[in-house]
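Below: my_file28.csv (CSV, C-alpha atoms)
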```csv
chain,number,residue,atom,x,y,z
A,49,MET,CA,14.7,-14.2,-12.4
A,50,ASN,CA,13.1,-14.3,-15.8
A,51,PRO,CA,12.9,-10.8,-17.4
A,52,SER,CA,10.8,-12.2,-20.3
A,53,ASP,CA,8.1,-13.3,-17.9
A,54,PRO,CA,7.6,-10.6,-15.3
A,55,ARG,CA,5.3,-11.2,-12.3
A,56,VAL,CA,5.0,-7.5,-11.3
A,57,ARG,CA,5.2,-4.4,-13.4
A,58,LEU,CA,4.7,-0.7,-13.1
A,59,VAL,CA,2.4,0.9,-15.7
A,60,VAL,CA,2.3,4.7,-15.8
A,61,SER,CA,-0.6,6.7,-17.4
A,62,GLY,CA,-2.0,10.1,-16.7
A,63,GLY,CA,0.1,10.7,-13.6
A,64,ILE,CA,-1.0,7.4,-12.0
A,65,GLY,CA,1.4,4.5,-11.5
A,66,THR,CA,-0.3,1.1,-11.4
A,67,ILE,CA,1.7,-1.7,-9.8
A,68,GLU,CA,0.2,-4.9,-11.4
A,69,VAL,CA,0.8,-8.3,-9.9
A,70,SER,CA,0.2,-11.0,-12.5
A,71,ARG,CA,1.3,-14.5,-11.8
A,72,ALA,CA,-1.3,-17.2,-12.6
A,73,PRO,CA,-3.2,-18.8,-11.1
A,74,VAL,CA,-3.3,-16.9,-7.7
A,75,ASN,CA,-0.7,-14.2,-7.9
A,76,ALA,CA,1.5,-16.0,-5.3
A,77,LEU,CA,4.6,-13.9,-4.5
A,78,ASP,CA,7.7,-16.0,-5.2
A,79,HIS,CA,11.3,-14.7,-5.1
A,80,GLN,CA,11.0,-13.1,-8.5
A,81,ALA,CA,7.7,-11.4,-7.7
A,82,GLN,CA,9.2,-10.0,-4.5
A,83,ALA,CA,12.2,-8.5,-6.3
A,84,GLU,CA,10.0,-7.1,-9.0
A,85,LEU,CA,7.6,-5.7,-6.5
A,86,ARG,CA,10.4,-3.9,-4.7
A,87,ALA,CA,11.8,-2.5,-8.0
A,88,ALA,CA,8.4,-1.3,-9.1
A,89,ALA,CA,7.8,0.5,-5.7
A,90,GLU,CA,11.2,2.1,-5.8
A,91,GLU,CA,10.6,3.3,-9.3
A,92,ALA,CA,7.2,4.7,-8.5
A,93,ALA,CA,8.7,6.5,-5.5
A,94,VAL,CA,11.1,8.5,-7.6
A,95,ARG,CA,9.3,9.1,-10.9
A,96,ALA,CA,8.2,12.7,-11.3
A,97,ASP,CA,5.4,11.6,-13.6
A,98,VAL,CA,3.8,9.4,-10.9
A,99,SER,CA,1.6,11.4,-8.4
A,100,ALA,CA,-0.2,8.4,-6.9
A,101,VAL,CA,-0.1,4.6,-7.0
A,102,VAL,CA,-2.6,1.9,-7.5
A,103,LEU,CA,-1.9,-1.7,-6.4
A,104,TYR,CA,-3.8,-4.2,-8.5
A,105,GLY,CA,-3.9,-8.0,-9.0
A,106,GLY,CA,-6.4,-8.2,-11.8
A,107,PRO,CA,-10.2,-8.5,-12.1
A,108,ASP,CA,-10.5,-11.9,-10.3
A,109,ARG,CA,-7.9,-11.9,-7.5
A,110,PHE,CA,-5.5,-9.6,-5.6
A,111,SER,CA,-3.0,-12.1,-4.2
A,112,ALA,CA,-2.9,-15.4,-2.3
A,113,GLY,CA,0.3,-14.2,-0.6
A,114,ALA,CA,3.7,-15.7,-0.4
A,115,ASP,CA,4.5,-18.7,-2.5
A,116,ILE,CA,4.1,-21.5,0.1
A,117,ARG,CA,5.5,-24.2,-2.2
A,118,GLU,CA,8.7,-22.2,-2.6
A,119,MET,CA,8.8,-21.3,1.1
A,120,SER,CA,8.2,-24.8,2.4
A,121,GLY,CA,11.4,-26.1,0.8
A,122,LEU,CA,13.7,-23.6,2.5
A,123,GLU,CA,16.2,-24.4,5.3
A,124,PRO,CA,16.1,-22.1,8.3
A,125,VAL,CA,19.3,-20.3,7.3
A,126,ASP,CA,17.7,-19.7,3.8
A,127,MET,CA,14.5,-18.4,5.4
A,128,VAL,CA,16.5,-15.6,7.1
A,129,LEU,CA,17.4,-14.2,3.7
A,130,TRP,CA,14.0,-15.0,2.1
A,131,ALA,CA,12.0,-13.4,4.9
A,132,GLY,CA,14.2,-10.3,4.7
A,133,ARG,CA,13.6,-9.9,1.0
A,134,LEU,CA,9.8,-10.4,1.4
A,135,GLN,CA,9.5,-7.9,4.2
A,136,GLY,CA,11.8,-5.5,2.3
A,137,ALA,CA,9.6,-5.6,-0.8
A,138,PHE,CA,6.5,-4.7,1.2
A,139,THR,CA,8.3,-2.0,3.1
A,140,ALA,CA,9.3,-0.5,-0.2
A,141,VAL,CA,5.6,-0.2,-1.1
A,142,ALA,CA,4.7,1.2,2.2
A,143,ASP,CA,7.5,3.8,1.9
A,144,ILE,CA,6.3,5.2,-1.4
A,145,PRO,CA,6.1,8.9,-0.5
A,146,LYS,CA,2.8,9.3,-2.5
A,147,PRO,CA,-0.8,8.3,-1.9
A,148,VAL,CA,-1.2,4.6,-2.6
A,149,VAL,CA,-4.6,2.7,-3.0
A,150,ALA,CA,-5.1,-1.0,-3.2
A,151,ALA,CA,-7.7,-2.2,-5.7
A,152,VAL,CA,-8.7,-5.5,-4.2
A,153,THR,CA,-10.8,-8.2,-5.9
A,154,GLY,CA,-11.3,-11.9,-5.2
A,155,PHE,CA,-9.0,-12.8,-2.4
A,156,ALA,CA,-6.2,-11.1,-0.4
A,157,LEU,CA,-4.8,-13.7,2.0
A,158,GLY,CA,-1.6,-13.8,3.9
A,159,GLY,CA,0.9,-11.8,2.0
A,160,GLY,CA,-1.9,-10.5,-0.2
A,161,CYS,CA,-3.6,-9.0,2.8
A,162,GLU,CA,-0.2,-7.7,4.0
A,163,LEU,CA,0.3,-6.1,0.6
A,164,ALA,CA,-3.1,-4.4,0.8
A,165,LEU,CA,-2.1,-3.1,4.3
A,166,THR,CA,0.9,-1.2,2.8
A,167,ALA,CA,-1.6,1.1,1.0
A,168,ASP,CA,-3.1,4.3,2.4
A,169,HIS,CA,-6.6,3.4,1.1
A,170,ARG,CA,-8.3,0.1,0.3
A,171,ILE,CA,-11.2,-0.4,-2.1
A,172,LEU,CA,-12.7,-3.9,-2.2
A,173,SER,CA,-15.2,-5.8,-4.3
A,174,PRO,CA,-18.1,-7.5,-2.5
A,175,GLU,CA,-16.9,-11.0,-2.9
A,176,VAL,CA,-13.4,-10.3,-1.4
A,177,ARG,CA,-12.1,-12.6,1.3
A,178,ILE,CA,-9.2,-10.9,3.2
A,179,GLY,CA,-7.2,-12.1,6.1
A,180,LEU,CA,-4.0,-13.5,7.6
A,181,PRO,CA,-4.3,-17.3,7.8
A,182,GLU,CA,-0.6,-18.0,8.6
A,183,ILE,CA,-1.5,-19.5,12.0
A,184,LYS,CA,-2.9,-22.5,10.1
A,185,LEU,CA,0.5,-23.1,8.7
A,186,GLY,CA,2.1,-23.0,12.1
A,187,VAL,CA,3.7,-19.6,11.6
A,188,ILE,CA,2.8,-15.9,11.8
A,189,PRO,CA,2.6,-13.1,9.3
A,190,GLY,CA,6.1,-12.1,8.3
A,191,ALA,CA,5.6,-9.2,5.8
A,192,GLY,CA,4.3,-6.6,8.2
A,193,GLY,CA,0.9,-8.1,9.0
A,194,THR,CA,1.3,-8.2,12.8
A,195,GLN,CA,2.3,-4.5,12.9
A,196,ARG,CA,0.2,-2.9,10.2
A,197,LEU,CA,-3.0,-4.6,10.9
A,198,SER,CA,-2.7,-3.8,14.6
A,199,ARG,CA,-2.1,-0.1,13.9
A,200,LEU,CA,-5.1,-0.1,11.5
A,201,VAL,CA,-7.8,-1.9,13.4
A,202,GLY,CA,-6.5,-2.1,17.0
A,203,THR,CA,-4.6,-4.8,18.8
A,204,ALA,CA,-7.6,-6.8,20.1
A,205,LYS,CA,-9.2,-7.2,16.8
A,206,ALA,CA,-5.9,-7.8,15.0
A,207,LYS,CA,-5.0,-10.6,17.5
A,208,GLU,CA,-8.4,-12.3,17.1
A,209,LEU,CA,-8.0,-12.3,13.4
A,210,MET,CA,-4.4,-13.7,13.5
A,211,PHE,CA,-5.2,-16.1,16.3
A,212,THR,CA,-8.0,-17.7,14.3
A,213,GLY,CA,-6.7,-17.1,10.8
A,214,ARG,CA,-10.2,-16.6,9.5
A,215,ALA,CA,-10.8,-14.6,6.3
A,216,LEU,CA,-13.2,-11.6,6.5
A,217,THR,CA,-15.8,-10.7,4.0
A,218,ALA,CA,-15.6,-7.3,2.3
A,219,ASP,CA,-18.4,-6.0,4.6
A,220,GLU,CA,-16.7,-7.2,7.7
A,221,ALA,CA,-13.4,-5.6,6.6
A,222,LEU,CA,-15.3,-2.3,6.0
A,223,ALA,CA,-16.9,-2.5,9.4
A,224,ILE,CA,-13.5,-2.7,11.2
A,225,GLY,CA,-11.7,-0.2,9.0
A,226,LEU,CA,-9.6,-2.8,7.1
A,227,ALA,CA,-11.4,-1.6,4.0
A,228,ASP,CA,-12.3,2.0,3.1
A,229,ARG,CA,-14.9,1.3,0.4
A,230,VAL,CA,-16.7,-1.6,-1.1
A,231,VAL,CA,-17.8,-1.3,-4.8
A,232,PRO,CA,-18.9,-3.7,-7.5
A,233,ARG,CA,-16.0,-5.8,-8.9
A,234,ASP,CA,-16.1,-4.1,-12.3
A,235,GLN,CA,-15.8,-0.7,-10.7
A,236,VAL,CA,-12.9,-1.5,-8.3
A,237,LEU,CA,-10.0,-0.5,-10.6
A,238,THR,CA,-12.0,2.5,-12.0
A,239,GLU,CA,-12.7,3.8,-8.5
A,240,ALA,CA,-9.1,3.2,-7.4
A,241,ARG,CA,-7.8,5.2,-10.3
A,242,ALA,CA,-10.3,8.0,-9.6
A,243,TRP,CA,-9.1,8.1,-6.0
A,244,ALA,CA,-5.5,8.2,-7.1
A,245,GLY,CA,-6.3,10.7,-9.8
A,246,GLN,CA,-7.4,13.4,-7.4
A,247,PHE,CA,-3.7,13.9,-6.4
A,248,VAL,CA,-2.4,14.3,-9.9
A,249,GLY,CA,-1.2,17.9,-10.2
A,250,GLY,CA,-1.4,18.3,-6.4
A,251,PRO,CA,1.1,19.6,-3.9
A,252,ALA,CA,3.5,16.6,-4.0
A,253,LEU,CA,5.8,17.8,-1.2
A,254,ALA,CA,2.8,18.5,1.1
A,255,LEU,CA,1.3,15.1,0.3
A,256,ARG,CA,4.6,13.4,1.1
A,257,ALA,CA,4.7,15.3,4.4
A,258,VAL,CA,1.2,14.2,5.4
A,259,LYS,CA,2.2,10.6,4.8
A,260,GLN,CA,5.5,11.0,6.7
A,261,ALA,CA,3.8,12.7,9.6
A,262,VAL,CA,1.2,10.1,10.1
A,263,ASP,CA,3.4,7.0,9.4
A,264,LEU,CA,6.2,8.2,11.6
A,265,GLY,CA,4.2,10.0,14.2
A,266,THR,CA,1.8,7.2,15.0
A,267,GLY,CA,4.7,4.9,15.7
A,268,THR,CA,5.9,7.0,18.6
A,269,ASP,CA,4.5,9.0,21.6
A,270,ILE,CA,2.3,12.0,21.1
A,271,ARG,CA,5.0,14.6,21.9
A,272,SER,CA,7.5,13.0,19.5
A,273,GLY,CA,4.8,12.9,16.9
A,274,LEU,CA,4.1,16.6,17.3
A,275,ASP,CA,7.8,17.3,16.9
A,276,ILE,CA,7.7,15.3,13.6
A,277,GLU,CA,4.6,17.2,12.5
A,278,ARG,CA,6.1,20.6,13.3
A,279,THR,CA,9.4,19.9,11.6
A,280,LEU,CA,7.6,18.8,8.4
A,281,PHE,CA,5.2,21.7,8.5
A,282,GLU,CA,8.1,24.2,8.8
A,283,GLY,CA,10.0,22.5,6.0
A,284,LEU,CA,7.2,23.2,3.5
A,285,PHE,CA,7.6,27.0,3.9
A,286,GLY,CA,9.5,28.5,1.0
A,287,THR,CA,8.5,25.7,-1.5
A,288,GLN,CA,6.9,26.8,-4.7
A,289,ASP,CA,3.6,25.1,-3.8
A,290,GLN,CA,3.4,26.8,-0.4
A,291,LEU,CA,4.0,30.2,-2.0
A,292,ALA,CA,1.5,29.6,-4.7
A,293,GLY,CA,-1.1,28.1,-2.4
A,294,MET,CA,-1.0,30.9,0.1
A,295,ARG,CA,-0.8,33.7,-2.5
A,296,THR,CA,-3.8,32.5,-4.5
A,297,PHE,CA,-5.7,31.9,-1.3
A,298,VAL,CA,-5.2,35.6,-0.3
A,299,GLU,CA,-5.8,36.9,-3.8
A,300,GLN,CA,-8.5,34.6,-5.2
A,301,GLY,CA,-9.8,32.4,-2.3
A,302,PRO,CA,-9.4,28.7,-1.6
A,303,GLY,CA,-9.0,26.0,-4.2
A,304,LYS,CA,-7.5,28.2,-7.0
A,305,ALA,CA,-3.8,27.3,-6.7
A,306,VAL,CA,-1.9,25.6,-9.5
A,307,PHE,CA,0.8,23.4,-8.0
A,308,ALA,CA,4.2,22.6,-9.5
A,309,GLY,CA,4.9,19.7,-7.1
A,310,ARG,CA,8.1,21.6,-5.9
```
Serialized structure, structure tokens:
Amino acid sequence: MNPSDPRVRLVVSGGIGTIEVSRAPVNALDHQAQAELRAAAEEAAVRADVSAVVLYGGPDRFSAGADIREMSGLEPVDMVLWAGRLQGAFTAVADIPKPVVAAVTGFALGGGCELALTADHRILSPEVRIGLPEIKLGVIPGAGGTQRLSRLVGTAKAKELMFTGRALTADEALAIGLADRVVPRDQVLTEARAWAGQFVGGPALALRAVKQAVDLGTGTDIRSGLDIERTLFEGLFGTQDQLAGMRTFVEQGPGKAVFAGR
């Protein structure tokens, strides 16, 4: 670890936390970057001044994924620990209990695609190439790609993309639901911050509950999912935001509530 040369950092401004990956030349995620990514995600998760999170790799690239040079020299016993740290870092991002948007430029391949998949919303620039090419290295995605991509675009399409390892264009990603919007490169970060900004000052506990209900519920059967939804719904009653939201709705109409995030 080199604290004087961070690869990933959390920058907070105006209620938005931006997790910036910065490791020239391609934002490869080595051991240090993985640890810093996890730390940034865990910090963003608990900070009261962070309402939403942007994942960003810079104006020219998102991430080329895991550091293949570092990975290729590992013994099998070392890979057990390395893979656990890598997957754990990505899980920490996926577990941020706030809206998360990936601002993707350039390329998002392998672990870069997997990092984008941890977000709730993905905004791409037109020149983006995104995909999971691990099959070309004789391995499979190991940071959540097989699971998150399948849940997002369906098993048949996910298998085809991982079988072939081909990279999608931004328009192709948009067509299958891997991307939510495609905007010019110089607008990607601005649009991502605007998306995140709509949740600043919002009902934080309700936003957290939405994310939990969807993420936990879609991983189980419909009846169990409904139980999760009901439990989270019930748990919001008595919160300051629920009381304020319903009181102002009755007295003033919809959209007038001022939320405290509690």
Query raised in the report: Using only C-alpha atoms, which of A:Val248, A:Val230, A:Leu122, A:Val102 sits nearest A:Ile171?
Result: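 Residue with the minimum atom-to-atom distance to A:Ile171: A:Val230.
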Query raised in the report: So how far away is atom CA of A:Val141 from atom CA of A:Gly65, in Å?
Result: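 Between atom CA of A:Gly65 and atom CA of A:Val141 the gap is 12.2 Å.
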**Report entry** Distance query A:Arg95 at most 12 Å, only C-alpha atoms, self and fewer than 2 positions along chain excluded, as a ChimeraX atom specification
**Finding:** /A:58-60,63-65,88-93,97-101,144-146,252
Report task. Calculate how many Å separate atom CA of A:Val69 from atom CA of A:Tyr104, rounding to one decimal. Result ->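 Spanning atom CA of A:Val69 to atom CA of A:Tyr104 is a straight-line distance of 6.3 Å.
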Requested in this report: Just give me the gap between atom CA of A:Glu208 and atom CA of A:Leu85 in Å, one decimal is fine.
Outcome: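 About the pair atom CA of A:Glu208 and atom CA of A:Leu85: they are 29.3 Å apart.
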Report task. Would you mind telling me which residue in A:Val152, A:Val94, A:Ala76, A:Val262 lies nearest to A:Ala218 when using all atoms listed in the file? Result -> A:Val152
Final all heavy atoms of stretch 128-139 of chain A as a JSON list (two decimals), in the frame of the given file:
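Output file part_10.json is given in full below:
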```
[["chain", "number", "residue", "atom", "x", "y", "z"],
["A", 128, "VAL", "N", 16.02, -16.89, 6.60],
["A", 128, "VAL", "CA", 16.50, -15.60, 7.10],
["A", 128, "VAL", "C", 16.59, -14.59, 5.95],
["A", 128, "VAL", "O", 16.12, -13.46, 6.02],
["A", 128, "VAL", "CB", 17.80, -15.71, 7.86],
["A", 128, "VAL", "CG1", 18.34, -14.32, 8.21],
["A", 128, "VAL", "CG2", 17.63, -16.54, 9.11],
["A", 129, "LEU", "N", 17.20, -15.03, 4.86],
["A", 129, "LEU", "CA", 17.40, -14.20, 3.70],
["A", 129, "LEU", "C", 16.03, -13.98, 2.97],
["A", 129, "LEU", "O", 15.69, -12.88, 2.54],
["A", 129, "LEU", "CB", 18.40, -14.78, 2.74],
["A", 129, "LEU", "CG", 19.82, -14.91, 3.30],
["A", 129, "LEU", "CD1", 20.71, -15.63, 2.30],
["A", 129, "LEU", "CD2", 20.38, -13.54, 3.63],
["A", 130, "TRP", "N", 15.26, -15.06, 2.83],
["A", 130, "TRP", "CA", 14.00, -15.00, 2.10],
["A", 130, "TRP", "C", 13.01, -14.07, 2.79],
["A", 130, "TRP", "O", 12.37, -13.24, 2.15],
["A", 130, "TRP", "CB", 13.41, -16.42, 2.01],
["A", 130, "TRP", "CG", 12.34, -16.62, 0.99],
["A", 130, "TRP", "CD1", 12.49, -17.04, -0.30],
["A", 130, "TRP", "CD2", 10.92, -16.45, 1.18],
["A", 130, "TRP", "NE1", 11.27, -17.13, -0.92],
["A", 130, "TRP", "CE2", 10.30, -16.77, -0.03],
["A", 130, "TRP", "CE3", 10.14, -16.04, 2.25],
["A", 130, "TRP", "CZ2", 8.91, -16.71, -0.22],
["A", 130, "TRP", "CZ3", 8.77, -15.96, 2.09],
["A", 130, "TRP", "CH2", 8.16, -16.29, 0.87],
["A", 131, "ALA", "N", 12.91, -14.20, 4.10],
["A", 131, "ALA", "CA", 12.00, -13.40, 4.90],
["A", 131, "ALA", "C", 12.39, -11.89, 4.79],
["A", 131, "ALA", "O", 11.54, -11.00, 4.70],
["A", 131, "ALA", "CB", 11.91, -13.82, 6.31],
["A", 132, "GLY", "N", 13.69, -11.64, 4.83],
["A", 132, "GLY", "CA", 14.20, -10.30, 4.70],
["A", 132, "GLY", "C", 13.81, -9.64, 3.39],
["A", 132, "GLY", "O", 13.42, -8.47, 3.32],
["A", 133, "ARG", "N", 13.94, -10.43, 2.31],
["A", 133, "ARG", "CA", 13.60, -9.90, 1.00],
["A", 133, "ARG", "C", 12.08, -9.66, 0.88],
["A", 133, "ARG", "O", 11.65, -8.66, 0.30],
["A", 133, "ARG", "CB", 14.03, -10.91, -0.09],
["A", 133, "ARG", "CG", 15.54, -10.94, -0.31],
["A", 133, "ARG", "CD", 15.89, -11.71, -1.56],
["A", 133, "ARG", "NE", 15.54, -13.12, -1.46],
["A", 133, "ARG", "CZ", 16.40, -14.09, -1.14],
["A", 133, "ARG", "NH1", 17.67, -13.78, -0.90],
["A", 133, "ARG", "NH2", 16.01, -15.34, -1.09],
["A", 134, "LEU", "N", 11.29, -10.58, 1.43],
["A", 134, "LEU", "CA", 9.80, -10.40, 1.40],
["A", 134, "LEU", "C", 9.40, -9.18, 2.14],
["A", 134, "LEU", "O", 8.67, -8.33, 1.61],
["A", 134, "LEU", "CB", 9.16, -11.66, 1.99],
["A", 134, "LEU", "CG", 7.62, -11.60, 2.11],
["A", 134, "LEU", "CD1", 6.98, -11.55, 0.73],
["A", 134, "LEU", "CD2", 7.10, -12.80, 2.91],
["A", 135, "GLN", "N", 9.86, -9.04, 3.38],
["A", 135, "GLN", "CA", 9.50, -7.90, 4.20],
["A", 135, "GLN", "C", 10.00, -6.59, 3.55],
["A", 135, "GLN", "O", 9.32, -5.55, 3.55],
["A", 135, "GLN", "CB", 9.97, -8.02, 5.61],
["A", 135, "GLN", "CG", 9.35, -7.01, 6.56],
["A", 135, "GLN", "CD", 9.75, -7.25, 8.00],
["A", 135, "GLN", "OE1", 10.70, -6.66, 8.48],
["A", 135, "GLN", "NE2", 9.02, -8.12, 8.68],
["A", 136, "GLY", "N", 11.21, -6.65, 2.98],
["A", 136, "GLY", "CA", 11.80, -5.50, 2.30],
["A", 136, "GLY", "C", 10.98, -5.01, 1.16],
["A", 136, "GLY", "O", 10.83, -3.80, 0.93],
["A", 137, "ALA", "N", 10.44, -5.95, 0.38],
["A", 137, "ALA", "CA", 9.60, -5.60, -0.80],
["A", 137, "ALA", "C", 8.36, -4.86, -0.33],
["A", 137, "ALA", "O", 7.95, -3.84, -0.91],
["A", 137, "ALA", "CB", 9.27, -6.84, -1.57],
["A", 138, "PHE", "N", 7.73, -5.37, 0.73],
["A", 138, "PHE", "CA", 6.50, -4.70, 1.20],
["A", 138, "PHE", "C", 6.80, -3.39, 1.86],
["A", 138, "PHE", "O", 6.02, -2.44, 1.72],
["A", 138, "PHE", "CB", 5.81, -5.67, 2.22],
["A", 138, "PHE", "CG", 5.07, -6.80, 1.57],
["A", 138, "PHE", "CD1", 5.72, -7.70, 0.74],
["A", 138, "PHE", "CD2", 3.72, -6.96, 1.78],
["A", 138, "PHE", "CE1", 5.03, -8.74, 0.13],
["A", 138, "PHE", "CE2", 3.02, -8.00, 1.17],
["A", 138, "PHE", "CZ", 3.67, -8.89, 0.34],
["A", 139, "THR", "N", 7.92, -3.29, 2.55],
["A", 139, "THR", "CA", 8.30, -2.00, 3.10],
["A", 139, "THR", "C", 8.54, -0.97, 2.04],
["A", 139, "THR", "O", 8.20, 0.21, 2.21],
["A", 139, "THR", "CB", 9.57, -2.17, 4.00],
["A", 139, "THR", "OG1", 9.27, -3.08, 5.08],
["A", 139, "THR", "CG2", 10.02, -0.84, 4.58]]
```
